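The next block is entry.cif, given as mmCIF, C-alpha atoms and all ligand atoms.
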```cif
data_coords
loop_
_atom_site.label_atom_id
_atom_site.label_comp_id
_atom_site.auth_asym_id
_atom_site.auth_seq_id
_atom_site.Cartn_x
_atom_site.Cartn_y
_atom_site.Cartn_z
CA MET M 1 83.86 86.10 100.19
CA ALA M 2 84.64 88.70 97.54
CA THR M 3 86.97 91.44 98.73
CA ALA M 4 85.90 95.06 98.29
CA PRO M 5 87.60 96.70 95.28
CA ARG M 6 90.63 98.77 96.14
CA ARG M 7 89.85 102.48 96.21
CA PRO M 8 92.33 104.42 94.06
CA LEU M 9 94.55 107.04 95.69
CA VAL M 10 95.90 109.90 93.59
CA SER M 11 98.65 111.78 95.41
CA GLY M 12 100.42 115.02 94.52
CA ASN M 13 104.00 115.14 95.76
CA TRP M 14 104.97 118.78 95.51
CA LYS M 15 108.60 118.10 96.49
CA MET M 16 110.40 121.42 97.21
CA HIS M 17 107.90 123.57 95.29
CA HIS M 18 105.23 126.09 96.37
CA ASP M 19 105.78 128.26 99.46
CA HIS M 20 102.86 128.59 101.87
CA ILE M 21 101.25 131.44 99.92
CA GLU M 22 101.42 129.46 96.68
CA ALA M 23 100.11 126.44 98.59
CA LEU M 24 97.13 128.47 99.76
CA HIS M 25 96.25 129.45 96.21
CA THR M 26 96.79 125.96 94.80
CA VAL M 27 94.69 124.21 97.43
CA ARG M 28 91.94 126.82 97.20
CA ASP M 29 91.92 126.28 93.43
CA LEU M 30 91.83 122.50 93.94
CA GLY M 31 88.91 122.87 96.33
CA LEU M 32 86.96 124.87 93.72
CA ARG M 33 87.69 122.43 90.90
CA LEU M 34 87.20 119.07 92.64
CA LYS M 35 83.55 118.06 92.31
CA PRO M 36 81.84 115.53 94.59
CA GLU M 37 81.75 113.01 91.70
CA ASP M 38 85.55 113.33 91.29
CA VAL M 39 86.14 112.10 94.81
CA ALA M 40 83.19 109.74 95.27
CA ARG M 41 85.30 106.74 94.27
CA VAL M 42 88.87 108.09 94.40
CA ASP M 43 90.95 109.34 97.34
CA VAL M 44 93.13 112.41 96.79
CA SER M 45 96.13 113.59 98.80
CA VAL M 46 98.57 116.47 98.53
CA HIS M 47 102.07 116.44 100.00
CA PRO M 48 103.36 120.01 100.38
CA PRO M 49 106.68 121.02 101.99
CA PHE M 50 106.66 121.11 105.81
CA THR M 51 106.36 124.91 105.97
CA ASP M 52 103.03 124.72 104.09
CA LEU M 53 101.37 121.97 106.12
CA ARG M 54 99.68 124.16 108.71
CA THR M 55 98.29 126.47 106.02
CA VAL M 56 96.94 123.56 103.98
CA GLN M 57 95.52 121.84 107.06
CA THR M 58 93.65 124.99 108.08
CA LEU M 59 92.17 125.39 104.62
CA VAL M 60 91.20 121.73 104.25
CA GLU M 61 89.50 121.73 107.67
CA ALA M 62 87.80 125.11 107.34
CA ASP M 63 86.34 124.34 103.90
CA ASN M 64 85.93 120.61 104.52
CA LEU M 65 87.87 119.87 101.32
CA PRO M 66 88.01 116.26 100.10
CA ILE M 67 91.80 116.25 100.20
CA GLY M 68 93.97 114.12 102.48
CA LEU M 69 96.84 116.04 104.03
CA GLY M 70 100.16 114.38 103.25
CA ALA M 71 103.80 114.84 104.19
CA GLN M 72 106.85 113.95 102.12
CA HIS M 73 109.02 112.43 104.84
CA CYS M 74 109.47 112.27 108.60
CA ASN M 75 111.93 111.12 111.22
CA ASP M 76 111.23 107.83 112.96
CA HIS M 77 111.62 109.29 116.49
CA ASP M 78 108.82 111.16 118.24
CA ARG M 79 111.11 113.86 119.66
CA GLY M 80 114.73 114.50 120.47
CA ALA M 81 118.00 116.03 119.35
CA TYR M 82 117.54 115.56 115.60
CA THR M 83 118.27 118.98 114.17
CA GLY M 84 116.33 119.75 111.04
CA GLU M 85 113.93 116.82 111.34
CA VAL M 86 110.16 116.64 111.80
CA SER M 87 108.56 113.89 113.88
CA PRO M 88 105.62 111.65 113.02
CA GLN M 89 103.95 112.80 116.22
CA MET M 90 104.06 116.41 115.02
CA LEU M 91 102.55 115.40 111.70
CA ALA M 92 99.80 113.37 113.36
CA ARG M 93 98.88 116.33 115.61
CA LEU M 94 98.41 118.38 112.47
CA GLY M 95 95.89 115.94 111.02
CA THR M 96 98.30 114.50 108.47
CA ARG M 97 96.87 111.36 106.92
CA TYR M 98 99.60 110.11 104.59
CA VAL M 99 103.39 110.21 104.86
CA ILE M 100 105.69 109.27 101.98
CA ALA M 101 108.45 106.95 103.23
CA GLY M 102 111.63 106.29 101.31
CA HIS M 103 110.99 108.40 98.23
CA SER M 104 113.79 107.78 95.74
CA GLU M 105 115.09 111.32 96.30
CA ARG M 106 115.41 110.59 100.04
CA ARG M 107 117.16 107.32 99.22
CA HIS M 108 119.49 108.60 96.49
CA VAL M 109 120.08 112.29 97.34
CA PHE M 110 120.05 111.99 101.13
CA GLY M 111 121.35 108.44 101.51
CA MET M 112 118.31 106.97 103.28
CA SER M 113 118.91 103.26 103.82
CA ASP M 114 116.38 100.44 103.53
CA GLU M 115 116.58 100.14 107.34
CA ALA M 116 115.78 103.83 107.84
CA VAL M 117 112.85 103.52 105.45
CA ALA M 118 111.54 100.53 107.45
CA ALA M 119 111.82 102.53 110.70
CA THR M 120 109.94 105.42 109.10
CA VAL M 121 107.11 103.14 107.93
CA GLN M 122 106.78 101.77 111.47
CA ALA M 123 106.82 105.26 113.00
CA VAL M 124 104.09 106.48 110.65
CA LEU M 125 101.91 103.46 111.46
CA ARG M 126 102.51 103.95 115.18
CA HIS M 127 100.80 107.34 114.85
CA GLU M 128 97.89 105.91 112.86
CA MET M 129 98.82 107.59 109.61
CA THR M 130 99.19 105.79 106.27
CA PRO M 131 102.70 105.34 104.91
CA ILE M 132 103.21 105.61 101.16
CA LEU M 133 106.23 103.33 100.88
CA CYS M 134 108.24 104.07 97.73
CA VAL M 135 110.19 101.40 95.91
CA GLY M 136 111.82 101.34 92.50
CA GLU M 137 114.91 100.48 90.55
CA THR M 138 117.48 102.79 88.96
CA GLY M 139 118.11 102.84 85.21
CA GLU M 140 121.32 100.86 85.68
CA GLU M 141 119.55 98.22 87.75
CA ARG M 142 116.85 97.92 85.11
CA ALA M 143 119.43 97.61 82.31
CA ALA M 144 121.16 94.87 84.31
CA GLY M 145 117.89 92.95 84.70
CA GLN M 146 117.83 93.58 88.46
CA THR M 147 114.41 95.24 88.80
CA GLU M 148 112.73 92.38 90.64
CA GLU M 149 115.74 91.78 92.87
CA ARG M 150 115.81 95.46 93.88
CA LEU M 151 112.07 95.57 94.57
CA THR M 152 112.30 92.36 96.61
CA LEU M 153 115.10 93.77 98.76
CA GLN M 154 113.29 97.06 99.37
CA LEU M 155 109.98 95.39 100.17
CA THR M 156 111.50 92.73 102.39
CA ALA M 157 113.37 95.33 104.43
CA ALA M 158 110.27 97.49 104.90
CA LEU M 159 107.59 94.87 105.44
CA THR M 160 108.99 91.92 107.38
CA ALA M 161 108.62 93.51 110.82
CA LEU M 162 104.97 94.44 110.19
CA ASP M 163 101.88 92.39 110.88
CA PRO M 164 99.76 91.51 107.82
CA GLY M 165 96.92 93.80 108.93
CA ALA M 166 99.26 96.78 108.92
CA VAL M 167 100.60 95.84 105.49
CA ALA M 168 97.05 95.66 104.14
CA SER M 169 96.53 99.30 105.18
CA LEU M 170 99.67 100.54 103.41
CA VAL M 171 100.10 102.29 100.12
CA ILE M 172 103.14 101.16 98.14
CA ALA M 173 104.32 103.40 95.30
CA TYR M 174 106.29 101.79 92.50
CA GLU M 175 108.43 104.65 91.20
CA PRO M 176 111.19 103.63 88.79
CA VAL M 177 113.98 106.13 89.41
CA TRP M 178 114.67 106.52 85.68
CA ALA M 179 111.08 107.70 85.10
CA ILE M 180 111.01 110.36 87.83
CA GLY M 181 111.11 113.91 86.52
CA THR M 182 112.44 112.79 83.14
CA GLY M 183 109.32 113.05 80.99
CA THR M 184 109.89 109.37 80.12
CA PRO M 185 107.31 107.35 82.02
CA ALA M 186 107.24 103.58 82.15
CA THR M 187 104.81 102.05 79.66
CA ALA M 188 101.49 101.05 81.19
CA VAL M 189 102.43 97.40 80.60
CA ASP M 190 105.78 97.79 82.40
CA ALA M 191 104.06 99.63 85.26
CA GLU M 192 101.49 96.82 85.54
CA ASP M 193 104.22 94.15 85.51
CA ALA M 194 106.08 95.88 88.33
CA CYS M 195 102.94 96.65 90.38
CA LEU M 196 101.84 93.01 90.02
CA PHE M 197 105.30 91.90 91.11
CA VAL M 198 105.00 94.18 94.16
CA ARG M 199 101.65 92.59 95.02
CA GLN M 200 103.01 89.06 94.55
CA THR M 201 105.95 89.90 96.80
CA VAL M 202 103.56 91.25 99.46
CA GLU M 203 101.65 87.97 99.20
CA ARG M 204 104.82 85.94 99.67
CA LEU M 205 105.96 88.05 102.64
CA CYS M 206 102.66 88.87 104.36
CA GLY M 207 99.92 86.64 102.96
CA ALA M 208 97.10 86.75 100.44
CA GLU M 209 94.78 89.11 102.29
CA ALA M 210 97.42 91.83 102.69
CA ALA M 211 98.29 91.45 98.99
CA GLU M 212 94.66 91.75 97.96
CA ARG M 213 94.07 94.88 100.05
CA VAL M 214 97.33 96.84 99.77
CA ARG M 215 97.10 99.75 97.34
CA VAL M 216 99.91 100.01 94.79
CA GLN M 217 100.52 103.33 93.02
CA TYR M 218 102.61 104.04 89.95
CA GLY M 219 104.75 107.19 89.88
CA GLY M 220 107.18 108.70 87.37
CA SER M 221 106.33 111.32 84.73
CA VAL M 222 102.57 110.86 85.14
CA ASN M 223 100.55 113.56 83.39
CA ALA M 224 96.97 114.28 82.35
CA GLU M 225 97.48 112.48 79.05
CA ASN M 226 98.92 109.18 80.32
CA ALA M 227 97.13 108.83 83.69
CA ALA M 228 94.14 106.87 82.34
CA ASP M 229 96.42 104.31 80.65
CA PHE M 230 98.12 103.48 83.96
CA MET M 231 94.83 103.40 85.83
CA ALA M 232 93.33 100.95 83.32
CA GLU M 233 95.81 98.31 84.55
CA PRO M 234 94.39 95.92 87.15
CA ASP M 235 97.22 96.17 89.68
CA VAL M 236 97.69 99.94 89.50
CA ASP M 237 95.55 101.39 92.30
CA GLY M 238 96.60 104.99 92.06
CA LEU M 239 99.24 107.48 91.01
CA LEU M 240 102.00 109.39 92.79
CA VAL M 241 102.40 112.55 90.77
CA GLY M 242 105.27 115.04 90.99
CA GLY M 243 105.54 117.93 88.52
CA ALA M 244 102.03 117.56 87.09
CA SER M 245 100.48 117.94 90.55
CA LEU M 246 101.71 121.51 91.04
CA ASP M 247 98.98 123.00 88.90
CA ALA M 248 95.47 122.49 90.30
CA ALA M 249 93.74 122.21 86.91
CA THR M 250 96.17 119.55 85.67
CA PHE M 251 96.01 117.59 88.93
CA VAL M 252 92.20 117.56 88.81
CA GLU M 253 92.37 116.24 85.23
CA ILE M 254 94.56 113.41 86.53
CA VAL M 255 92.06 112.67 89.30
CA ARG M 256 89.27 112.57 86.69
CA ALA M 257 91.31 110.21 84.50
CA SER M 258 91.70 107.90 87.50
CA GLN M 259 88.03 107.07 88.04
CA PRO M 260 87.41 103.31 88.27
CA GLY M 261 85.83 101.76 85.19
CA ARG M 262 86.44 104.85 83.12
P1 LIG M 301 107.34 113.34 88.43
O1 LIG M 301 105.85 113.08 88.29
O2 LIG M 301 107.70 114.79 88.39
O3 LIG M 301 108.12 112.48 87.48
O4 LIG M 301 107.75 112.85 89.90
C1 LIG M 301 107.35 111.60 90.33
C2 LIG M 301 107.61 111.50 91.78
O5 LIG M 301 108.74 111.38 92.21
C3 LIG M 301 106.46 111.56 92.69
O6 LIG M 301 106.83 111.19 93.98
#
```
Please lay out the structure from this file as structure tokens.
Amino acid sequence: MATAPRRPLVSGNWKMHHDHIEALHTVRDLGLRLKPEDVARVDVSVHPPFTDLRTVQTLVEADNLPIGLGAQHCNDHDRGAYTGEVSPQMLARLGTRYVIAGHSERRHVFGMSDEAVAATVQAVLRHEMTPILCVGETGEERAAGQTEERLTLQLTAALTALDPGAVASLVIAYEPVWAIGTGTPATAVDAEDACLFVRQTVERLCGAEAAERVRVQYGGSVNAENAADFMAEPDVDGLLVGGASLDAATFVEIVRASQPGR
């Protein structure tokens, strides 16, 4: 039986940019620019800072915008004495659909371990949201020929406790650390090689069906000019976009460049 084609997901990770007023303007602008044909075959999500989520949720619901609400991180506990943290339960109550887990900035700036990333993925799934699990090697690891080893370790830590059905529902973002925010993206061929390796690793860990269904994004210096090249690769099922997602017009161009069969 042929499996349904994977539906691309284009996600805008705003990081620590746009306060809630700027978020209001950006999402309103996105809503005006995104046409039904742009989202007929592509899913779109935005991941604003926590303080913006309620504003964006209200707008998305009121205007029925074709945008999935996303968060950038969460704690793995539902409540408790965790000063400064936000729980997956709180995000789920707000209608959040996607939560980024283990972004390289969480791993490298805030010391998030592979184990903490795995706990976050499980917590997000427990609340019926979709984790966007980030993996990727540093420049030093790449130079030392350790890309596949690093990806294997990160994927094994995050996926082994999950059942294959849950893995099939995940999004995994391959984001090489050296390409993030540097203006130096991976080549489309390198992105494809790594995304294929991610899929093969999922197959080894969780079986063929999970590997066939899991969506693998590329992220790292994606822009309106290079998006179509990444999306033309067979194992790249979407994009995780940082800087270029802050401007609605540019982000919509990236969504348009991500249409299947374009
Ligand atoms: P840039 O697109 O700004 O390189 O950021 C990528 C990223 O980290 C998205 O999560």
From atom CA of M:Cys195 to atom CA of M:Tyr174 the spacing works out at 6.5 Å
Could you give me the residues within 8 Å of ligand LIG 301 (chain M), counting all atoms listed in the file, as a ChimeraX atom specification? /M:12-15,103-105,175,177,179-183,185,219-223,240-245
Six-sided padding of 6 Å per side, axis-aligned box over stretch 20-37 of chain M, centre and edges in Å, one decimal, as lines of an AutoDock Vina configuration file:
```
center_x = 92.3
center_y = 122.2
center_z = 96.4
size_x = 33.1
size_y = 30.4
size_z = 23.0
```
Check: Could you work out how far atom CA of M:Arg6 lies from atom CA of M:Arg213, giving the answer in Å with one decimal?
Finding: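 Computing the Euclidean distance for atom CA of M:Arg213 and atom CA of M:Arg6 yields 6.5 Å.
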Hey, can you check how far atom CA of M:Leu239 sits from atom CA of M:Arg7?
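Between atom CA of M:Leu239 and atom CA of M:Arg7 the gap works out to 11.8 Å.
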With stretch 150-158 of chain M as the partner and 7 Å as the cut-off, tabulate the residues of stretch 17-121 of chain M that qualify, each row holding the nearest pair of atoms and their distance in Å to one decimal, using all atoms listed in the file, sorted by chain and rising number, as a Markdown table.
```
| residue | atom | partner | partner_atom | distance |
| --- | --- | --- | --- | --- |
| M:Asp114 | CA | M:Ala157 | CA | 6.0 |
| M:Glu115 | CA | M:Ala157 | CA | 6.5 |
| M:Val117 | CA | M:Ala158 | CA | 6.6 |
| M:Ala118 | CA | M:Ala158 | CA | 4.2 |
```
Subject >> Residue with smallest distance to M:Ala228 - pool M:His73, M:Val86, M:Arg79, M:Val10, counting all atoms listed in the file >> reply: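 Among the listed residues, M:Val10 lies closest to M:Ala228.
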Taking only residues of stretch 168-240 of chain M that have an atom at most 9 Å from an atom of stretch 126-134 of chain M, what is each one's shortest atom pair and its distance in Å to one decimal, using all atoms listed in the file, in chain and number order, as JSON lines?
```
{"residue": "M:Ser169", "atom": "CA", "partner": "M:Thr130", "partner_atom": "CA", "distance": 7.1}
{"residue": "M:Leu170", "atom": "CA", "partner": "M:Pro131", "partner_atom": "CA", "distance": 5.9}
{"residue": "M:Val171", "atom": "CA", "partner": "M:Ile132", "partner_atom": "CA", "distance": 4.7}
{"residue": "M:Ile172", "atom": "CA", "partner": "M:Leu133", "partner_atom": "CA", "distance": 4.7}
{"residue": "M:Ala173", "atom": "CA", "partner": "M:Cys134", "partner_atom": "CA", "distance": 4.7}
{"residue": "M:Tyr174", "atom": "CA", "partner": "M:Cys134", "partner_atom": "CA", "distance": 6.0}
{"residue": "M:Glu175", "atom": "CA", "partner": "M:Cys134", "partner_atom": "CA", "distance": 6.6}
{"residue": "M:Gln217", "atom": "CA", "partner": "M:Ile132", "partner_atom": "CA", "distance": 8.9}
```
Looking at M:Glu85, M:Asp43, M:Glu225, M:Asp19, which one is nearest to M:Val56, with distances taken over only C-alpha atoms?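 Of all the options, M:Asp19 lies closest to M:Val56.
Residues lying within 10 Å of M:Leu59, counting only C-alpha atoms and ignoring same-chain neighbours fewer than 3 positions away, are Leu24, Val27, Arg28, Gly31, Leu53, Arg54, Thr55, Val56, Ala62, Asp63, Asn64 and Leu65 of chain M.
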Need the shell around stretch 206-209 of chain M: protein/DNA/RNA residues with any atom at most 9 Å away, counting all atoms listed in the file. Skip same-chain ones fewer than 5 positions apart. Format as an MDAnalysis selection string? chainID M and resid 3 159:160 162:165 167:168 200:201 214
Find the spatial neighbours of M:Pro88, counting all atoms listed in the file, within a cut-off of 7 Å - ignore same-chain residues fewer than 2 positions away - and output them as a VMD selection string. chain M and resid 74 to 76 78 86 90 to 92 123 to 124 127
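Among M:Leu125, M:Gln72, M:His77, M:Pro234, the residue with the shortest atom-to-atom distance to M:Val99, counting all atoms listed in the file, is M:Gln72.
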